[in-house]
Structure formats: structure tokens, C-alpha cells
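Q: Below is the file work24.cif, with mmCIF, C-alpha atoms.
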```cif
data_final
loop_
_atom_site.label_atom_id
_atom_site.label_comp_id
_atom_site.auth_asym_id
_atom_site.auth_seq_id
_atom_site.Cartn_x
_atom_site.Cartn_y
_atom_site.Cartn_z
CA MET V 20 -120.53 67.47 38.68
CA ASN V 21 -120.93 64.04 40.32
CA ALA V 22 -119.86 62.20 37.18
CA ASP V 23 -116.13 63.11 37.45
CA PRO V 24 -115.42 61.70 40.97
CA GLN V 25 -117.40 58.59 39.97
CA LYS V 26 -115.28 58.21 36.83
CA LYS V 27 -112.10 58.77 38.86
CA PHE V 28 -113.21 56.14 41.34
CA ALA V 29 -114.02 53.68 38.54
CA GLY V 30 -110.61 54.37 36.95
CA LYS V 31 -108.80 53.82 40.24
CA ARG V 32 -110.77 50.62 40.82
CA ARG V 33 -109.86 49.38 37.32
CA LEU V 34 -106.17 50.13 37.99
CA LEU V 35 -106.36 48.28 41.29
CA ILE V 36 -107.91 45.26 39.54
CA LEU V 37 -105.21 45.39 36.85
CA GLY V 38 -102.55 45.62 39.58
CA ALA V 39 -104.03 42.57 41.29
CA VAL V 40 -104.06 40.69 37.96
CA ILE V 41 -100.38 41.62 37.39
CA LEU V 42 -99.47 40.39 40.87
CA ALA V 43 -101.34 37.13 40.29
CA LEU V 44 -99.62 36.61 36.93
CA LEU V 45 -96.23 37.40 38.48
CA ALA V 46 -96.89 34.67 41.03
CA VAL V 47 -97.81 32.25 38.19
CA ASN V 48 -94.61 33.19 36.31
CA VAL V 49 -92.47 32.50 39.33
CA ALA V 50 -94.26 29.20 39.98
CA VAL V 51 -94.03 27.85 36.40
CA PRO V 52 -90.65 26.11 35.98
CA ARG V 53 -88.65 26.53 32.77
CA ARG V 54 -89.03 23.49 30.50
CA GLN V 55 -85.74 21.64 30.10
CA ALA V 56 -84.90 18.34 28.54
CA ARG V 57 -83.67 15.85 31.10
CA PRO V 58 -80.06 14.81 30.58
CA LEU V 59 -79.66 11.21 29.57
CA LEU V 60 -77.82 8.80 31.78
CA SER V 61 -74.57 7.31 30.66
CA ALA V 62 -74.91 4.47 28.13
CA ARG V 63 -71.50 2.85 27.86
CA THR V 64 -71.17 -0.01 25.45
CA LEU V 65 -68.29 -1.79 23.75
CA LYS V 66 -68.86 -3.22 20.29
CA ASP V 67 -66.68 -5.34 18.00
CA LEU V 68 -65.56 -3.84 14.71
CA ALA V 69 -63.74 -5.28 11.71
CA GLU V 70 -62.88 -2.30 9.55
CA LEU V 71 -59.81 -1.47 7.53
CA ALA V 72 -59.25 2.27 7.04
CA THR V 73 -57.02 2.94 4.04
CA VAL V 74 -57.24 6.70 3.46
CA GLU V 75 -57.46 9.80 5.62
CA TYR V 76 -58.58 13.22 4.37
CA SER V 77 -57.89 16.34 6.41
CA VAL V 78 -60.23 19.15 5.40
CA THR V 79 -61.00 22.69 6.53
CA LYS V 80 -64.06 24.89 6.26
CA ILE V 81 -64.99 28.41 7.29
CA VAL V 82 -68.34 28.45 9.07
CA SER V 83 -69.89 31.89 8.80
CA TYR V 84 -73.25 33.21 9.92
CA LYS V 85 -74.79 36.67 9.54
CA ASP V 86 -78.06 37.62 11.19
CA VAL V 87 -79.01 41.02 9.80
CA ALA V 88 -81.98 42.87 11.39
CA TRP V 89 -83.18 46.49 11.55
CA TYR V 90 -82.38 46.62 15.29
CA GLY V 91 -78.81 45.40 14.87
CA ASP V 92 -76.68 42.64 13.34
CA ARG V 93 -75.02 39.54 14.71
CA LYS V 94 -72.05 38.04 12.91
CA ILE V 95 -69.83 35.10 13.70
CA LEU V 96 -67.02 33.30 11.89
CA PHE V 97 -65.30 30.02 12.74
CA GLU V 98 -62.39 28.15 11.22
CA THR V 99 -63.05 24.42 11.47
CA ALA V 100 -61.19 21.27 10.49
CA ALA V 101 -62.19 17.65 10.17
CA THR V 102 -60.54 14.28 9.63
CA VAL V 103 -62.35 11.72 7.54
CA LYS V 104 -61.24 8.09 7.24
CA ALA V 105 -62.55 5.71 4.62
CA GLY V 106 -62.00 2.04 3.94
CA ILE V 107 -63.70 -1.32 3.91
CA ASP V 108 -65.91 -3.11 6.39
CA LEU V 109 -64.44 -6.59 6.71
CA ASN V 110 -67.60 -7.80 8.45
CA GLU V 111 -69.13 -7.85 4.99
CA LEU V 112 -66.45 -10.26 3.82
CA ALA V 113 -67.99 -13.74 3.46
CA ASP V 114 -66.17 -17.11 3.28
CA GLN V 115 -66.87 -17.42 -0.44
CA ASP V 116 -65.18 -14.04 -1.08
CA ILE V 117 -61.74 -15.64 -0.73
CA LYS V 118 -60.97 -18.18 -3.46
CA LEU V 119 -57.76 -20.21 -3.60
CA ASP V 120 -56.42 -21.66 -6.80
CA GLY V 121 -53.62 -23.98 -5.77
CA ASP V 122 -51.09 -22.74 -3.23
CA SER V 123 -49.92 -19.65 -5.05
CA THR V 124 -53.02 -17.94 -6.49
CA VAL V 125 -55.72 -16.16 -4.53
CA THR V 126 -58.73 -14.01 -5.47
CA VAL V 127 -60.26 -11.73 -2.82
CA SER V 128 -63.60 -9.98 -3.39
CA LEU V 129 -63.79 -6.96 -1.10
CA PRO V 130 -66.93 -5.02 -0.16
CA GLN V 131 -67.35 -1.51 -1.56
CA PRO V 132 -65.45 1.12 0.46
CA LYS V 133 -67.30 3.54 2.71
CA ILE V 134 -66.63 6.42 5.08
CA LEU V 135 -65.75 4.82 8.40
CA LEU V 136 -64.96 7.77 10.61
CA PHE V 137 -65.66 11.52 10.78
CA ASN V 138 -63.88 13.53 13.45
CA MET V 139 -64.06 17.28 14.16
CA LYS V 140 -61.70 17.87 17.05
CA PRO V 141 -62.43 20.91 19.27
CA GLU V 142 -58.72 21.83 19.37
CA HIS V 143 -58.81 22.37 15.60
CA MET V 144 -61.64 24.92 15.77
CA ARG V 145 -61.15 28.64 16.13
CA GLU V 146 -63.54 31.53 16.60
CA ILE V 147 -62.21 34.23 14.28
CA PHE V 148 -64.89 36.89 14.55
CA ASN V 149 -67.89 37.44 16.84
CA GLU V 150 -69.92 40.65 17.01
CA SER V 151 -73.45 41.48 18.15
CA GLY V 152 -75.30 44.82 17.99
CA ILE V 153 -76.21 46.65 21.24
CA LEU V 154 -79.82 45.53 21.04
CA ARG V 155 -78.93 41.95 20.12
CA SER V 156 -78.07 39.11 22.44
CA ASP V 157 -74.60 37.57 22.24
CA PHE V 158 -74.19 34.16 20.60
CA SER V 159 -74.81 31.55 23.26
CA ASN V 160 -72.78 28.37 23.57
CA GLN V 161 -75.83 26.44 22.36
CA GLU V 162 -76.12 28.63 19.25
CA LYS V 163 -72.42 28.20 18.48
CA ASP V 164 -72.77 24.41 18.79
CA GLY V 165 -75.77 24.59 16.46
CA LEU V 166 -73.81 26.55 13.83
CA LEU V 167 -70.83 24.18 14.08
CA SER V 168 -73.20 21.22 13.72
CA GLN V 169 -74.43 22.74 10.47
CA GLY V 170 -70.80 23.08 9.38
CA GLU V 171 -70.25 19.42 10.26
CA LYS V 172 -73.27 18.40 8.16
CA ASP V 173 -71.97 20.42 5.22
CA ILE V 174 -68.45 18.91 5.45
CA ARG V 175 -69.93 15.38 5.59
CA ALA V 176 -71.98 16.05 2.46
CA LYS V 177 -69.12 17.67 0.54
CA VAL V 178 -66.49 15.05 1.49
CA ALA V 179 -68.85 12.25 0.38
CA ALA V 180 -68.94 13.90 -3.05
CA MET V 181 -65.11 13.96 -3.28
CA ASP V 182 -62.94 11.08 -4.56
CA ILE V 183 -62.33 9.66 -1.08
CA LEU V 184 -64.04 6.31 -1.78
CA GLN V 185 -62.13 5.75 -5.01
CA ARG V 186 -58.86 6.41 -3.18
CA ALA V 187 -59.92 4.13 -0.33
CA ALA V 188 -60.63 1.32 -2.84
CA ARG V 189 -57.31 1.84 -4.63
CA ASN V 190 -55.35 1.80 -1.37
CA ALA V 191 -57.22 -1.25 -0.07
CA ARG V 192 -56.34 -3.11 -3.27
CA ILE V 193 -52.63 -2.15 -2.97
CA LEU V 194 -52.54 -3.03 0.74
CA ILE V 195 -54.19 -6.47 0.43
CA GLU V 196 -52.10 -7.33 -2.63
CA SER V 197 -48.86 -6.42 -0.86
CA TRP V 198 -49.77 -8.35 2.34
CA LEU V 199 -50.78 -11.47 0.42
CA LYS V 200 -47.59 -11.35 -1.63
CA LYS V 201 -45.58 -11.05 1.61
CA MET V 202 -47.34 -14.24 2.72
CA GLY V 203 -46.03 -16.04 -0.32
CA PHE V 204 -48.87 -15.85 -2.84
CA GLU V 205 -47.50 -15.27 -6.33
CA THR V 206 -50.71 -14.21 -8.06
CA VAL V 207 -53.13 -12.02 -6.12
CA ARG V 208 -56.36 -10.64 -7.57
CA VAL V 209 -58.37 -8.11 -5.58
CA LEU V 210 -61.90 -7.37 -6.79
CA PHE V 211 -64.67 -5.20 -5.41
CA LYS V 212 -68.16 -6.53 -4.94
CA GLU V 213 -71.00 -4.65 -6.58
CA LYS V 214 -74.69 -5.01 -5.91
CA GLY V 215 -75.40 -8.36 -7.55
CA GLY V 216 -71.97 -8.66 -9.22
CA ARG V 217 -68.25 -7.87 -9.07
CA THR V 218 -66.02 -5.28 -10.70
CA MET R 1 -104.85 63.22 35.49
CA LYS R 2 -106.98 61.48 32.88
CA LYS R 3 -103.91 61.09 30.65
CA ILE R 4 -101.89 59.58 33.46
CA PHE R 5 -104.66 57.06 34.10
CA SER R 6 -104.75 56.14 30.39
CA VAL R 7 -100.96 55.64 30.27
CA LEU R 8 -101.08 53.56 33.46
CA HIS R 9 -103.87 51.45 31.93
CA ILE R 10 -101.83 50.82 28.78
CA ILE R 11 -98.72 49.92 30.81
CA ALA R 12 -100.77 47.58 32.98
CA LEU R 13 -102.31 45.88 29.95
CA LEU R 14 -98.88 45.45 28.32
CA ALA R 15 -97.52 44.00 31.55
CA ILE R 16 -100.45 41.56 31.67
CA LEU R 17 -99.83 40.52 28.06
CA LEU R 18 -96.16 39.95 28.81
CA LEU R 19 -96.90 38.00 31.95
CA LEU R 20 -99.45 35.86 30.09
CA TYR R 21 -96.92 35.14 27.30
CA SER R 22 -94.00 34.32 29.58
CA PRO R 23 -95.35 31.12 31.29
CA LEU R 24 -96.55 29.79 27.93
CA ALA R 25 -93.04 30.35 26.52
CA LYS R 26 -91.51 28.73 29.60
CA ILE R 27 -93.44 25.48 29.08
CA GLY R 28 -92.56 25.54 25.38
CA LEU R 29 -95.98 26.35 23.89
CA LEU R 30 -94.70 29.65 22.45
CA PRO R 31 -91.19 30.74 21.33
CA SER R 32 -89.21 32.59 23.99
CA LEU R 33 -88.95 36.37 23.78
CA SER R 34 -85.17 36.15 23.41
CA SER R 35 -85.52 33.78 20.46
CA LEU R 36 -87.98 36.21 18.85
CA LEU R 37 -85.35 38.95 19.14
CA ARG R 38 -82.68 36.64 17.74
CA GLY R 39 -84.66 36.06 14.56
CA GLY R 40 -85.41 32.82 12.69
CA THR R 41 -83.51 29.54 12.57
CA PRO R 42 -79.86 30.36 11.92
CA LYS R 43 -78.47 29.10 8.64
CA ILE R 44 -74.77 29.20 7.83
CA GLU R 45 -73.44 30.53 4.56
CA ASP R 46 -72.33 28.16 1.84
CA THR R 47 -68.52 28.03 1.94
CA PRO R 48 -66.19 25.49 0.31
CA VAL R 49 -64.58 22.50 2.00
CA ILE R 50 -60.86 22.55 1.29
CA ILE R 51 -58.67 19.43 1.29
CA GLN R 52 -55.50 20.11 3.28
CA GLN R 53 -53.97 16.63 3.23
CA VAL R 54 -54.61 13.17 1.84
CA LYS R 55 -52.81 10.38 3.70
CA ASN R 56 -52.61 6.68 2.86
CA ILE R 57 -53.19 4.74 6.06
CA ALA R 58 -53.57 1.13 7.15
CA GLN R 59 -55.58 1.11 10.36
CA MET R 60 -57.65 -1.83 11.50
CA PHE R 61 -60.57 -0.78 13.74
CA THR R 62 -61.50 -3.67 16.00
CA GLN R 63 -63.44 -2.10 18.85
CA THR R 64 -65.71 0.88 19.45
CA PHE R 65 -66.91 2.31 22.74
CA TYR R 66 -70.06 4.43 22.68
CA ASP R 67 -70.40 6.86 25.52
CA GLU R 68 -72.70 9.58 26.79
CA TYR R 69 -71.51 11.86 29.53
CA VAL R 70 -73.06 14.74 31.45
CA TYR R 71 -70.31 17.33 31.94
CA ASP R 72 -70.81 19.92 34.67
CA THR R 73 -68.24 22.70 35.04
CA GLY R 74 -69.65 23.61 38.46
CA VAL R 75 -70.02 27.26 39.42
CA LEU R 76 -67.06 29.19 38.04
CA ARG R 77 -66.32 32.25 40.16
CA THR R 78 -65.66 35.44 38.23
CA PRO R 79 -64.30 38.86 39.30
CA LEU R 80 -66.54 41.25 41.23
CA PHE R 81 -69.57 42.66 39.33
CA ASN R 82 -69.48 39.79 36.80
CA ALA R 83 -72.04 37.00 36.94
CA ASN R 84 -70.71 33.59 37.90
CA LYS R 85 -70.53 31.03 35.08
CA ARG R 86 -71.72 27.48 34.76
CA LEU R 87 -72.04 25.12 31.84
CA ILE R 88 -73.68 21.70 31.81
CA PHE R 89 -73.65 19.79 28.54
CA ILE R 90 -74.23 16.28 27.34
CA ALA R 91 -71.48 14.78 25.19
CA LYS R 92 -72.19 11.81 22.93
CA GLY R 93 -69.49 10.08 20.96
CA GLU R 94 -67.26 7.05 20.51
CA VAL R 95 -63.75 5.82 21.06
CA ILE R 96 -62.23 3.67 18.32
CA SER R 97 -59.37 1.29 18.98
CA GLY R 98 -57.40 -1.15 16.88
CA PHE R 99 -54.06 -1.57 15.17
CA ASP R 100 -51.89 0.63 13.03
CA LEU R 101 -50.86 -1.90 10.40
CA SER R 102 -48.42 0.53 8.79
CA GLU R 103 -46.12 -0.48 11.66
CA LEU R 104 -45.91 -4.02 10.19
CA SER R 105 -42.58 -4.83 8.59
CA GLU R 106 -41.23 -7.72 6.45
CA LYS R 107 -40.21 -9.44 9.69
CA SER R 108 -43.76 -9.23 11.10
CA ILE R 109 -45.06 -12.05 8.87
CA ILE R 110 -43.37 -15.46 8.93
CA ARG R 111 -44.74 -18.21 6.68
CA ARG R 112 -43.75 -21.88 6.67
CA ASP R 113 -45.84 -24.07 4.36
CA LYS R 114 -49.34 -24.15 5.88
CA SER R 115 -48.47 -22.25 9.04
CA ILE R 116 -48.12 -18.52 9.59
CA VAL R 117 -46.97 -16.30 12.44
CA VAL R 118 -48.01 -12.62 12.46
CA LYS R 119 -46.58 -10.13 14.94
CA LEU R 120 -48.97 -7.20 15.36
CA PRO R 121 -48.18 -3.91 17.10
CA PRO R 122 -50.03 -3.40 20.43
CA ALA R 123 -53.70 -2.40 20.19
CA ARG R 124 -54.19 1.28 20.82
CA ILE R 125 -56.82 3.99 20.84
CA LEU R 126 -56.91 5.36 17.31
CA ASP R 127 -59.60 8.05 17.61
CA VAL R 128 -61.84 9.74 20.15
CA VAL R 129 -64.81 11.20 18.32
CA ILE R 130 -67.21 13.80 19.72
CA ASN R 131 -68.38 15.95 16.86
CA PRO R 132 -70.24 19.28 17.30
CA SER R 133 -73.54 17.44 16.75
CA GLY R 134 -72.60 15.28 19.75
CA PHE R 135 -72.64 18.22 22.18
CA GLU R 136 -75.94 19.33 23.67
CA THR R 137 -76.00 22.33 26.01
CA PHE R 138 -78.26 21.72 28.99
CA ILE R 139 -77.58 24.71 31.25
CA GLU R 140 -75.58 27.81 30.34
CA GLU R 141 -75.14 30.58 32.90
CA GLY R 142 -72.94 33.63 32.53
CA GLU R 143 -70.83 34.43 29.50
CA ILE R 144 -68.81 31.38 28.47
CA THR R 145 -66.26 32.13 25.76
CA PHE R 146 -65.56 29.82 22.82
CA GLU R 147 -62.06 29.08 24.14
CA GLU R 148 -63.48 28.10 27.54
CA SER R 149 -66.10 25.89 25.93
CA LYS R 150 -63.39 24.27 23.76
CA LYS R 151 -61.39 23.38 26.87
CA PHE R 152 -64.45 21.70 28.42
CA HIS R 153 -65.10 19.79 25.17
CA GLU R 154 -61.46 18.63 25.07
CA ASP R 155 -61.80 17.54 28.70
CA ALA R 156 -64.90 15.52 27.78
CA ARG R 157 -62.82 13.75 25.11
CA ARG R 158 -60.20 12.87 27.73
CA ILE R 159 -62.97 11.46 29.96
CA PHE R 160 -64.22 9.31 27.04
CA ASP R 161 -60.67 8.00 26.50
CA ARG R 162 -60.30 7.18 30.21
CA ASN R 163 -63.74 5.50 30.41
CA ALA R 164 -62.97 3.37 27.36
CA ARG R 165 -59.66 2.19 28.86
CA GLU R 166 -61.36 1.43 32.18
CA LYS R 167 -63.99 -0.59 30.33
CA GLY R 168 -61.20 -2.72 28.80
CA ILE R 169 -61.28 -1.46 25.22
CA LEU R 170 -57.63 -2.35 24.52
CA LYS R 171 -57.93 -5.94 25.80
CA ASN R 172 -61.13 -6.48 23.79
CA SER R 173 -59.56 -4.82 20.79
CA ALA R 174 -56.58 -7.19 20.84
CA GLU R 175 -58.84 -10.23 21.20
CA GLN R 176 -61.14 -9.14 18.36
CA GLY R 177 -58.10 -8.43 16.15
CA ARG R 178 -56.70 -11.89 16.88
CA GLN R 179 -60.01 -13.62 16.06
CA MET R 180 -60.52 -11.59 12.90
CA LEU R 181 -57.06 -12.28 11.49
CA GLU R 182 -57.17 -15.96 12.46
CA LYS R 183 -60.39 -16.36 10.49
CA PHE R 184 -58.91 -14.48 7.51
CA PHE R 185 -55.73 -16.57 7.41
CA ARG R 186 -57.63 -19.84 7.76
CA LEU R 187 -59.75 -18.80 4.76
CA LEU R 188 -56.46 -18.31 2.92
CA GLY R 189 -55.66 -21.98 3.52
CA PHE R 190 -53.36 -21.78 6.54
CA GLU R 191 -53.77 -24.65 8.97
CA SER R 192 -51.75 -23.17 11.81
CA VAL R 193 -52.16 -19.46 12.60
CA ASP R 194 -50.31 -17.71 15.41
CA ILE R 195 -51.08 -14.06 16.05
CA ILE R 196 -48.70 -12.38 18.49
CA ILE R 197 -49.95 -9.15 20.07
CA PRO R 198 -47.88 -7.34 22.73
CA GLU R 199 -49.83 -6.07 25.72
CA SER R 200 -51.04 -2.47 25.40
CA ARG R 201 -49.85 0.09 27.90
#
```
Could you rewrite the structure in this file as C-alpha cells?

A:
Amino acid sequence: MNADPQKKFAGKRRLLILGAVILALLAVNVAVPRRQARPLLSARTLKDLAELATVEYSVTKIVSYKDVAWYGDRKILFETAATVKAGIDLNELADQDIKLDGDSTVTVSLPQPKILLFNMKPEHMREIFNESGILRSDFSNQEKDGLLSQGEKDIRAKVAAMDILQRAARNARILIESWLKKMGFETVRVLFKEKGGRT
Amino acid sequence: MKKIFSVLHIIALLAILLLLYSPLAKIGLLPSLSSLLRGGTPKIEDTPVIIQQVKNIAQMFTQTFYDEYVYDTGVLRTPLFNANKRLIFIAKGEVISGFDLSELSEKSIIRRDKSIVVKLPPARILDVVINPSGFETFIEEGEITFEESKKFHEDARRIFDRNAREKGILKNSAEQGRQMLEKFFRLLGFESVDIIIPESR
């Protein structure tokens, strides 16, 4: 007979203790600040360049992401575009890379071409589709930036595997030859330096 | 009564678990509950990169301006019953300036024996580059649409352009272009080199 009220009392006491614990934890939760990376201060610097861009590729890519889960899906689709410029870095041109033979013949050994600039302009991006299930959170701005960054990485990798560097080399050769001929050189030879040799 | 007590106990224990998890997630020791609901690291699908245009160009890059900028939209008021919006992001990128040598004509290069005169077009900003990997969201409040975010990103690019001009990118660009070409022409055997560059606007 006496056991029941005692049990009830113990139960109530336990609930009170749990309530007190919850209140204490709530206070801790409010007190703990959310961890955020501090924004960096502006670092403005000017730097000299000596690059000759000879080809520009304009490319497009669809960036799509599907997050399928039992409690709902999230799907998003972007249309993106990038401009890639390739050419030669004239800083790598040494004095001995220009050889004169009399007044009318010149041989120029250029460095190997490389990708000089990659530009994905925001105005060339478009969100085509964006849908999230009722139980799923919407795509945040941070998530969208993350997905577009992955798209950027993929475009960089795929463009590097295209013939952009060959075209850049060909155009650089044509350009230098034509300029030097305009300057009065009759015979112009443009070569490309290789590692340890020339082609 | 006993059942009610049991249910209350379970609810209280769950609440305690949640409240224990939350501060640990806040300080970054555990993943946030929202990220658990979102699933694993997002990975885009493999789609092709399509070439739209290939253009032969002749641009000489002579100066670059690296910049980092904290962009704050401020609190954006929204209609009644909608949460106000705010976006703070860090933009990192560069401004490239130089000369568009495709503007050179036959008349731009004058040679007389060992002297040469080259008339270049004015130095100008050729590209402002802030790629998606250059944007880092710091604070995001309320629902910011892609179009809104795009406008802020475009504005950040305009700020980069303005900062670069204020820092004297065009003047430096012209000077670097002059030095570079002088060196090149002297290596070609010219004794007198005159590079004429109109002032940039």
C-alpha cells in the first residue's frame, strides 16, 4: 500500500531532476556561440605580368546534383559557362632565346603554352531547376556555391584535356612571325622550348 | 499515470540527448543536425563540357591585382510574415589588365634601321575574375534566391574593378608593358626603342 505513493514520489522527483538538467543544458546551448570562421581582411596587391594570351575558349556545362533519400529528394540544375585563355608566359623568355643572324633573320624560342586565365562569370550562370522535398531543407547559398565550385573544377580538368594548348602554340607562332615580319625581318623562325631541348 | 510518467521520462531523456548534442555541433566537434538531414558530401553528376566558341586573340597581360573583399548586403527587409534576409560573403579574385594587341595595325609599327617606334592602344582592364571557388559564404539569413546572389556576386566584381583602378592598375600596366616591349625590341637588335601608349581613361 505504501509502495505506490513512494514510487510516485520517486518518479516525480526523477522528472524534476530531468527538468532541471534540461533547463541547465538549455542555458549551456544559449551560452555556447556558433563556431564561424573569421572573415579575412582585405589583401590588395598589384603584381607585374608578362603574358601573351593567344586563344580563348568559351565553354558551357550543366551542373546537376540529385540527393535522393527515403524522407524526400533534393534536386538542382545549373547552366554554367566559362572563358579560358591560354598563351605563353613571356617571363620565361631568356636573353639567349632570341638569336639574330644578320639584320634580316631571327630565331625566337618561346616557352611552352599554358592556361593563363579561367573565368566563370556570375552573369553567365543560370539556375534551371531547384526542388526539395517537404522534409528536406532548401539548397543554401553556401551549398550552391559548393556545387558550382565542383563544376568549375570539372571544367578546368576537361578544358586542360582539350586541344587548347596546341591552338595557343599555333597562334603564338603565327602572331610572333607576323609581328617580326612587320618589323622588317625577312626570315623568322619560332620554336618552342621543351624540357631540356627545343621542338 | 504510470504510462504518462514513462512517456515523460523518454521525452525528457531525448531532450537531454538533443541538448547535449547541440553545443558539441555548434563548436564543430560533431556534424550539425541539419547537415545530417541533408545527407553526405554533395557530388555533382558527370556531364560534358561543350565548346561554344574558339577565338584567336592577342592580349598582353601586364598587371594583376589580387583582392579579397567582405561583402555585406545588410539586412534586406521583406514583406510581412517573411524573415528578413542578409548575406555576408568573402570574395577572392583578381583583376587582369594589359593591352589588346589585335588593335595594332600596319601603321602602329614604324622601323628605321636600328630604331623602332611602336604605338600601343591604351592599357585597359581585360578581365575581372572571381570564380565560384572564390566565394565563401560567411552568414546567410533568410531565403536568398540564386538571382539575388548572382547580383551580389556581380556587384563584388564591380568593386574589384573599382579597387584595381583606384590602386593604379592601368598606370602600372602601361609602365610594365613599356618596359617589357623595350627589353624585347632591344634583344631583337634595335638601338632606339620608342613605345607610345595613350593614357587610359

Q: Output as AutoDock Vina command-line options the centre and edge lengths (Å, one decimal) of the box along x, y and z of the file that holds every listed atom of segment 137-145 of chain R after adding 6 Å on each side.

A:
```
--center_x -72.3 --center_y 28.1 --center_z 29.3 --size_x 24.0 --size_y 24.7 --size_z 19.1
```

Q: Check which residues satisfy the PyMOL selection byres ((chain R and resi 170) around 8) in the file shown, then give them as a list in words.

A: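 With the shown file as input, the PyMOL selection byres ((chain R and resi 170) around 8) matches Ser97, Gly98, Ala123, Arg124, Ile125, Arg165, Gly168, Ile169, Lys171, Asn172, Ser173, Ala174 and Ser200 of chain R.
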
Q: Would you write out those residues with C-alpha atoms, as a PDB file, keeping the file's coordinate frame?

A:
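again-v3.pdb was written with the following content:
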```
ATOM      1  CA  SER R  97     -59.370   1.290  18.980  1.00  0.00           C
ATOM      2  CA  GLY R  98     -57.400  -1.150  16.880  1.00  0.00           C
ATOM      3  CA  ALA R 123     -53.700  -2.400  20.190  1.00  0.00           C
ATOM      4  CA  ARG R 124     -54.190   1.280  20.820  1.00  0.00           C
ATOM      5  CA  ILE R 125     -56.820   3.990  20.840  1.00  0.00           C
ATOM      6  CA  ARG R 165     -59.660   2.190  28.860  1.00  0.00           C
ATOM      7  CA  GLY R 168     -61.200  -2.720  28.800  1.00  0.00           C
ATOM      8  CA  ILE R 169     -61.280  -1.460  25.220  1.00  0.00           C
ATOM      9  CA  LYS R 171     -57.930  -5.940  25.800  1.00  0.00           C
ATOM     10  CA  ASN R 172     -61.130  -6.480  23.790  1.00  0.00           C
ATOM     11  CA  SER R 173     -59.560  -4.820  20.790  1.00  0.00           C
ATOM     12  CA  ALA R 174     -56.580  -7.190  20.840  1.00  0.00           C
ATOM     13  CA  SER R 200     -51.040  -2.470  25.400  1.00  0.00           C
TER      14      SER R 200
END
```

Q: Give me, please, the distance in Å between atom CA of Val40 of chain V and atom CA of Lys2 of chain R, quoted to one decimal.

A: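 Those two atoms sit 21.6 Å apart.
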
Q: What are the residues of chain R that have an atom within 6 Å of an atom of chain V, counting all atoms listed in the file, as a PDB file with C-alpha atoms, in the coordinates of the input?

A:
```pdb
ATOM      1  CA  ILE R  16    -100.450  41.560  31.670  1.00  0.00           C
ATOM      2  CA  LEU R  19     -96.900  38.000  31.950  1.00  0.00           C
ATOM      3  CA  PRO R  23     -95.350  31.120  31.290  1.00  0.00           C
ATOM      4  CA  LYS R  26     -91.510  28.730  29.600  1.00  0.00           C
ATOM      5  CA  ILE R  27     -93.440  25.480  29.080  1.00  0.00           C
ATOM      6  CA  ILE R  44     -74.770  29.200   7.830  1.00  0.00           C
ATOM      7  CA  GLU R  45     -73.440  30.530   4.560  1.00  0.00           C
ATOM      8  CA  VAL R  49     -64.580  22.500   2.000  1.00  0.00           C
ATOM      9  CA  ILE R  50     -60.860  22.550   1.290  1.00  0.00           C
ATOM     10  CA  ILE R  51     -58.670  19.430   1.290  1.00  0.00           C
ATOM     11  CA  GLN R  52     -55.500  20.110   3.280  1.00  0.00           C
ATOM     12  CA  GLN R  53     -53.970  16.630   3.230  1.00  0.00           C
ATOM     13  CA  VAL R  54     -54.610  13.170   1.840  1.00  0.00           C
ATOM     14  CA  LYS R  55     -52.810  10.380   3.700  1.00  0.00           C
ATOM     15  CA  ASN R  56     -52.610   6.680   2.860  1.00  0.00           C
ATOM     16  CA  ILE R  57     -53.190   4.740   6.060  1.00  0.00           C
ATOM     17  CA  ALA R  58     -53.570   1.130   7.150  1.00  0.00           C
ATOM     18  CA  GLN R  59     -55.580   1.110  10.360  1.00  0.00           C
ATOM     19  CA  MET R  60     -57.650  -1.830  11.500  1.00  0.00           C
ATOM     20  CA  PHE R  61     -60.570  -0.780  13.740  1.00  0.00           C
ATOM     21  CA  THR R  62     -61.500  -3.670  16.000  1.00  0.00           C
ATOM     22  CA  GLN R  63     -63.440  -2.100  18.850  1.00  0.00           C
ATOM     23  CA  THR R  64     -65.710   0.880  19.450  1.00  0.00           C
ATOM     24  CA  PHE R  65     -66.910   2.310  22.740  1.00  0.00           C
ATOM     25  CA  TYR R  66     -70.060   4.430  22.680  1.00  0.00           C
ATOM     26  CA  ASP R  67     -70.400   6.860  25.520  1.00  0.00           C
ATOM     27  CA  GLU R  68     -72.700   9.580  26.790  1.00  0.00           C
ATOM     28  CA  TYR R  69     -71.510  11.860  29.530  1.00  0.00           C
ATOM     29  CA  VAL R 129     -64.810  11.200  18.320  1.00  0.00           C
ATOM     30  CA  ASN R 131     -68.380  15.950  16.860  1.00  0.00           C
ATOM     31  CA  PRO R 132     -70.240  19.280  17.300  1.00  0.00           C
ATOM     32  CA  SER R 133     -73.540  17.440  16.750  1.00  0.00           C
ATOM     33  CA  THR R 137     -76.000  22.330  26.010  1.00  0.00           C
ATOM     34  CA  LYS R 150     -63.390  24.270  23.760  1.00  0.00           C
TER      35      LYS R 150
END
```

Q: Would you kindly return, as a PDB file with C-alpha atoms, in the coordinates of the input, each protein, DNA or RNA residue with an atom no farther than 6 Å from any atom of segment 139-146 of chain R, considering only C-alpha atoms and excluding same-chain residues fewer than 4 positions away?

A:
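Listing of selection.pdb after writing:
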```pdb
ATOM      1  CA  ALA R  83     -72.040  37.000  36.940  1.00  0.00           C
ATOM      2  CA  ASN R  84     -70.710  33.590  37.900  1.00  0.00           C
ATOM      3  CA  LYS R  85     -70.530  31.030  35.080  1.00  0.00           C
ATOM      4  CA  ARG R  86     -71.720  27.480  34.760  1.00  0.00           C
ATOM      5  CA  LEU R  87     -72.040  25.120  31.840  1.00  0.00           C
ATOM      6  CA  ILE R  88     -73.680  21.700  31.810  1.00  0.00           C
TER       7      ILE R  88
END
```

Q: One decimal, in Å: what's the spacing between atom CA of Ile195 of chain R and atom CA of Ser102 of chain R?

A: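 Computed distance, atom CA of Ile195 of chain R to atom CA of Ser102 of chain R, equals 16.5 Å.
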
Q: So what do you get for atom CA of Pro130 of chain V versus atom CA of Lys212 of chain V, distance-wise?

A: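 Interatomic distance here is 5.2 Å.
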
Q: Give as a list of chain:residue names the residues that the PyMOL selection byres ((chain R and resi 109) around 7) matches when applied to the coordinates above.

A: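 Applying the expression gives V:Met202, R:Glu106, R:Lys107, R:Ser108, R:Ile110, R:Arg111, R:Val117, R:Val118, R:Lys119.
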
Q: Could you write segment 201-215 of chain V of the block just shown to a file containing C-alpha atoms, as a compact mmCIF listing (two decimals), in the first residue's frame?

A:
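Contents of out-v3.txt, as written:
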```
# COMPACT_ATOMS: atom_id res chain seq x y z
CA LYS V 201 56.15 43.75 -89.95
CA MET V 202 59.33 44.96 -88.24
CA GLY V 203 61.33 44.11 -91.31
CA PHE V 204 62.76 40.66 -90.61
CA GLU V 205 62.71 38.54 -93.75
CA THR V 206 63.27 35.13 -92.17
CA VAL V 207 61.57 34.41 -88.85
CA ARG V 208 61.77 31.08 -87.05
CA VAL V 209 59.61 30.47 -83.98
CA LEU V 210 60.43 27.41 -81.88
CA PHE V 211 59.02 26.10 -78.62
CA LYS V 212 61.25 25.17 -75.75
CA GLU V 213 60.92 21.69 -74.31
CA LYS V 214 62.29 20.39 -71.05
CA GLY V 215 65.99 20.17 -71.85
```
